[in-house]
Amino acid sequence: MEKAYKLLFNTEESDDLYVYCCGLSQTLPGHSFGPALKPHFMIHYVLSGKGSFNIGGKTYPLREGYGFLIVPDELAYYVADDADPWTYAWVGFGGKRAEAIVSQLGLSLIQPVFKSDAQQTIYDLIKDMMDHNTFSVEDVLRRNGLLSMFLSVIASGISVSQRSDSGSANDYVNRAQAYIRSNYCNPIKVTDIANYVCINRSYLYTLFQKTLGISPQQYLTSYRIAKATELLQLTQLPIESIAISCGYSDPLVFSKAFRQEKKISPSGYRKTLPKSDTNAGNKEHLKQVEKLIEERHLESNDPN
């Protein structure tokens with residue numbers, strides 16, 4: 001048996017990340033759950049006492065300060081210790097981003113257990129979710145925001161090596177590429193990219209070489225120069241403005257990088273582009289507009 005306070009919520013499964021249920025439980029000696037399946041992710045965190053958790057054919061003895069992940073549609077079983085039964089809090093969650101976020105945490109069927117010393121913070125976050133338990137917009141947004149904070153607290157207690165071991169090379173490279181695409185216009189460095197994806201610079205270099213055949217610095221430079229080329233083709237912006245727009249604070253550094261990539265200077269490249277008569281295009285467009293207005297005016301004055 002257990003003394004439990006739990007809440008279930010009606011959720012929109014199309015959401016990126018949402019709380020499905022949450023609760024607090026104080027168990028009696030030997031109280032167990034399962035073996036059974038859950039249709040969503042669940043994370044339990046042990047506030048006090050001891051117990052054991054079984055999933056994927058492995059058993060994990062757990063105590064205060066540890067937590068465990070239940071993976072959707074996997075048989076799970078957990079039982080409280082006979083002498084020192086546990087008290088735990090839990091959150092069930094789902095959404096389009098749930099699986100990716102769990103993977104980024106470094107948790108999986110193979111590695112379902114984690115440790116966190118943020119006991120009070122975790123308890124407070126789950127209690128806050130339970131205090132805001134209506135279907136109002138305010139409460140739904142608050143619960144889902146608290147879920148993100150809850151997962152963030154768990155992430156802060158999981159070692160980088162554990163997250164690195166669980167993530168594939170493609171995951172890190174894809175996230176690094178996305179970061180570059182979003183921030184190439186800022187003066188970011190490879191160290192910033194490595195810090196963002198939570199691995200060290202040398203490991204990021206190894207992954208890029210293995211996956212793409214180039215270094216992170218080469219990828220960043222090539223992406224910036226590609227964007228600069230577009231601006232040279234589509235705008236009449238000064239070279240200095242294009243440099244700044246592509247993350248280069250020094251136009252000379254930009255020109256050097258551009259020449260190394262394209263074998264020509266930015267100004268030289270612009271001179272090779274075909275001249276476009278923008279004014280002629282505008283005049284033709286205005287003629288079309290005037291003609292359309294005249295036709296509509298004649299139609300409105302036609303007595304038939």
# chains A, B, ... in the order shown; residues from 1 in each chain; ligands from 1

call {"tool": "closest_atom_pairs", "arguments": {"of": "segment 96-213 of chain A", "to": "segment 52-61 of chain A", "cutoff": "8 Å", "atoms": "only C-alpha atoms", "output": "Markdown table"}}
result
| residue | atom | partner | partner_atom | distance |
| --- | --- | --- | --- | --- |
| A:Leu109 | CA | A:Gly56 | CA | 6.5 |
| A:Ile110 | CA | A:Gly56 | CA | 7.5 |
| A:Val113 | CA | A:Tyr60 | CA | 7.8 |

call {"tool": "select_by_dssp", "arguments": {"residues": "segment 136-256 of chain A", "states": "alpha helix (DSSP H)", "output": "VMD selection string"}}
result
chain A and resid 137 to 157 160 to 166 169 to 183 190 to 197 201 to 211 216 to 234 239 to 245 251 to 256

call {"tool": "residues_around", "arguments": {"residues": "Ser241 of chain A", "least_positions_apart": "3", "cutoff": "12 Å", "atoms": "only C-alpha atoms", "output": "number ranges by chain"}}
result
A: 185, 228, 231-232, 235-238, 244-251, 254, 266

call {"tool": "closest_atom_pairs", "arguments": {"of": "segment 39-95 of chain A", "to": "segment 118-124 of chain A", "cutoff": "12 Å", "atoms": "only C-alpha atoms", "output": "tab-separated table"}}
result
residue	atom	partner	partner_atom	distance
A:Ile43	CA	A:Ile122	CA	11.3
A:His44	CA	A:Ile122	CA	10.5
A:Tyr45	CA	A:Ile122	CA	8.1
A:Val46	CA	A:Gln119	CA	8.5
A:Leu47	CA	A:Gln119	CA	6.6
A:Ser48	CA	A:Gln119	CA	9.6
A:Glu64	CA	A:Gln119	CA	8.7
A:Gly65	CA	A:Gln119	CA	6.6
A:Tyr66	CA	A:Gln119	CA	9.3
A:Gly67	CA	A:Gln119	CA	10.5
A:Thr87	CA	A:Tyr123	CA	11.2
A:Tyr88	CA	A:Tyr123	CA	9.1
A:Ala89	CA	A:Tyr123	CA	7.0
A:Trp90	CA	A:Tyr123	CA	9.3
A:Val91	CA	A:Ile122	CA	10.4

call {"tool": "write_last_selection", "arguments": {"atoms": "N, CA and C atoms", "output": "PDB file, in the first residue's frame"}}
result
ATOM      1  N   ILE A  43       9.403   9.959 -14.786  1.00  0.00           N
ATOM      2  CA  ILE A  43      10.614  10.068 -13.972  1.00  0.00           C
ATOM      3  C   ILE A  43      10.204  10.091 -12.506  1.00  0.00           C
ATOM      4  N   HIS A  44      10.743   9.161 -11.737  1.00  0.00           N
ATOM      5  CA  HIS A  44      10.548   9.110 -10.291  1.00  0.00           C
ATOM      6  C   HIS A  44      11.834   9.591  -9.608  1.00  0.00           C
ATOM      7  N   TYR A  45      11.667  10.317  -8.527  1.00  0.00           N
ATOM      8  CA  TYR A  45      12.832  10.777  -7.760  1.00  0.00           C
ATOM      9  C   TYR A  45      12.625  10.418  -6.290  1.00  0.00           C
ATOM     10  N   VAL A  46      13.618   9.750  -5.701  1.00  0.00           N
ATOM     11  CA  VAL A  46      13.500   9.251  -4.325  1.00  0.00           C
ATOM     12  C   VAL A  46      13.845  10.367  -3.336  1.00  0.00           C
ATOM     13  N   LEU A  47      12.865  10.741  -2.530  1.00  0.00           N
ATOM     14  CA  LEU A  47      13.062  11.803  -1.534  1.00  0.00           C
ATOM     15  C   LEU A  47      13.631  11.245  -0.231  1.00  0.00           C
ATOM     16  N   SER A  48      13.287  10.014   0.095  1.00  0.00           N
ATOM     17  CA  SER A  48      13.815   9.361   1.292  1.00  0.00           C
ATOM     18  C   SER A  48      13.612   7.859   1.167  1.00  0.00           C
ATOM     19  N   GLU A  64      17.699   7.530  -1.388  1.00  0.00           N
ATOM     20  CA  GLU A  64      17.484   8.979  -1.426  1.00  0.00           C
ATOM     21  C   GLU A  64      18.506   9.678  -2.329  1.00  0.00           C
ATOM     22  N   GLY A  65      17.994  10.594  -3.174  1.00  0.00           N
ATOM     23  CA  GLY A  65      18.873  11.358  -4.057  1.00  0.00           C
ATOM     24  C   GLY A  65      19.026  10.765  -5.436  1.00  0.00           C
ATOM     25  N   TYR A  66      18.438   9.588  -5.648  1.00  0.00           N
ATOM     26  CA  TYR A  66      18.495   8.953  -6.962  1.00  0.00           C
ATOM     27  C   TYR A  66      17.112   8.959  -7.618  1.00  0.00           C
ATOM     28  N   GLY A  67      17.122   8.871  -8.932  1.00  0.00           N
ATOM     29  CA  GLY A  67      15.871   8.820  -9.668  1.00  0.00           C
ATOM     30  C   GLY A  67      15.957   7.792 -10.781  1.00  0.00           C
ATOM     31  N   THR A  87       9.978   7.189  -0.070  1.00  0.00           N
ATOM     32  CA  THR A  87       9.016   8.219  -0.444  1.00  0.00           C
ATOM     33  C   THR A  87       9.554   8.858  -1.713  1.00  0.00           C
ATOM     34  N   TYR A  88       8.701   9.006  -2.709  1.00  0.00           N
ATOM     35  CA  TYR A  88       9.203   9.555  -3.968  1.00  0.00           C
ATOM     36  C   TYR A  88       8.189  10.518  -4.586  1.00  0.00           C
ATOM     37  N   ALA A  89       8.696  11.326  -5.490  1.00  0.00           N
ATOM     38  CA  ALA A  89       7.866  12.208  -6.310  1.00  0.00           C
ATOM     39  C   ALA A  89       8.036  11.778  -7.757  1.00  0.00           C
ATOM     40  N   TRP A  90       7.019  12.035  -8.583  1.00  0.00           N
ATOM     41  CA  TRP A  90       7.147  11.624  -9.972  1.00  0.00           C
ATOM     42  C   TRP A  90       6.435  12.604 -10.903  1.00  0.00           C
ATOM     43  N   VAL A  91       6.889  12.553 -12.145  1.00  0.00           N
ATOM     44  CA  VAL A  91       6.268  13.330 -13.220  1.00  0.00           C
ATOM     45  C   VAL A  91       6.180  12.448 -14.455  1.00  0.00           C
TER      46      VAL A  91
END

call {"tool": "atom_distance", "arguments": {"atom1": "atom CA of Ile126 of chain A", "atom2": "atom CA of Met149 of chain A"}}
result
10.1 Å

call {"tool": "residues_around", "arguments": {"residues": "segment 79-81 of chain A", "least_positions_apart": "2", "cutoff": "8 Å", "atoms": "only C-alpha atoms", "output": "PyMOL selection string"}}
result
chain A and resi 27-33+49-53+77+83-86

call {"tool": "write_last_selection", "arguments": {"atoms": "N, CA and C atoms", "output": "compact mmCIF listing (two decimals), in the first residue's frame"}}
result
# COMPACT_ATOMS: atom_id res chain seq x y z
N THR A 27 5.34 5.24 0.63
CA THR A 27 4.98 3.83 0.52
C THR A 27 5.16 3.09 1.85
N LEU A 28 4.47 1.97 1.95
CA LEU A 28 4.65 1.06 3.06
C LEU A 28 5.71 0.02 2.68
N PRO A 29 6.28 -0.69 3.65
CA PRO A 29 7.29 -1.70 3.33
C PRO A 29 6.81 -2.70 2.29
N GLY A 30 7.65 -2.94 1.30
CA GLY A 30 7.35 -3.94 0.29
C GLY A 30 6.33 -3.53 -0.75
N HIS A 31 5.84 -2.28 -0.72
CA HIS A 31 4.86 -1.86 -1.73
C HIS A 31 5.51 -1.88 -3.11
N SER A 32 4.77 -2.39 -4.11
CA SER A 32 5.35 -2.53 -5.44
C SER A 32 4.38 -2.07 -6.53
N PHE A 33 4.93 -1.83 -7.69
CA PHE A 33 4.15 -1.52 -8.89
C PHE A 33 4.65 -2.40 -10.02
N GLY A 49 14.33 7.10 2.01
CA GLY A 49 14.18 5.66 2.01
C GLY A 49 14.89 4.97 0.86
N LYS A 50 14.52 3.69 0.66
CA LYS A 50 15.19 2.86 -0.35
C LYS A 50 14.19 1.98 -1.07
N GLY A 51 14.64 1.43 -2.20
CA GLY A 51 13.82 0.51 -2.98
C GLY A 51 14.63 0.03 -4.16
N SER A 52 13.98 -0.67 -5.07
CA SER A 52 14.68 -1.14 -6.27
C SER A 52 13.77 -0.97 -7.48
N PHE A 53 14.41 -0.84 -8.63
CA PHE A 53 13.72 -0.59 -9.89
C PHE A 53 14.22 -1.57 -10.93
N TYR A 77 9.10 -2.44 -13.21
CA TYR A 77 8.68 -2.93 -11.89
C TYR A 77 9.52 -2.23 -10.84
N ALA A 83 12.62 -2.67 5.04
CA ALA A 83 13.02 -2.04 6.30
C ALA A 83 12.94 -0.51 6.24
N ASP A 84 13.22 0.07 5.08
CA ASP A 84 13.26 1.53 4.95
C ASP A 84 12.56 1.92 3.65
N PRO A 85 11.21 1.83 3.61
CA PRO A 85 10.48 2.09 2.36
C PRO A 85 10.64 3.53 1.90
N TRP A 86 10.63 3.69 0.59
CA TRP A 86 10.92 5.02 0.05
C TRP A 86 9.68 5.91 -0.06

call {"tool": "atom_distance", "arguments": {"atom1": "atom CA of Met42 of chain A", "atom2": "atom CA of Arg97 of chain A"}}
result
14.4 Å

call {"tool": "atom_distance", "arguments": {"atom1": "atom CA of Ser265 of chain A", "atom2": "atom CA of Tyr219 of chain A"}}
result
19.6 Å

call {"tool": "residues_around", "arguments": {"residues": "Ser108 of chain A", "least_positions_apart": "5", "cutoff": "8 Å", "atoms": "only C-alpha atoms", "output": "ChimeraX atom specification"}}
result
/A:69,71,102-103,166
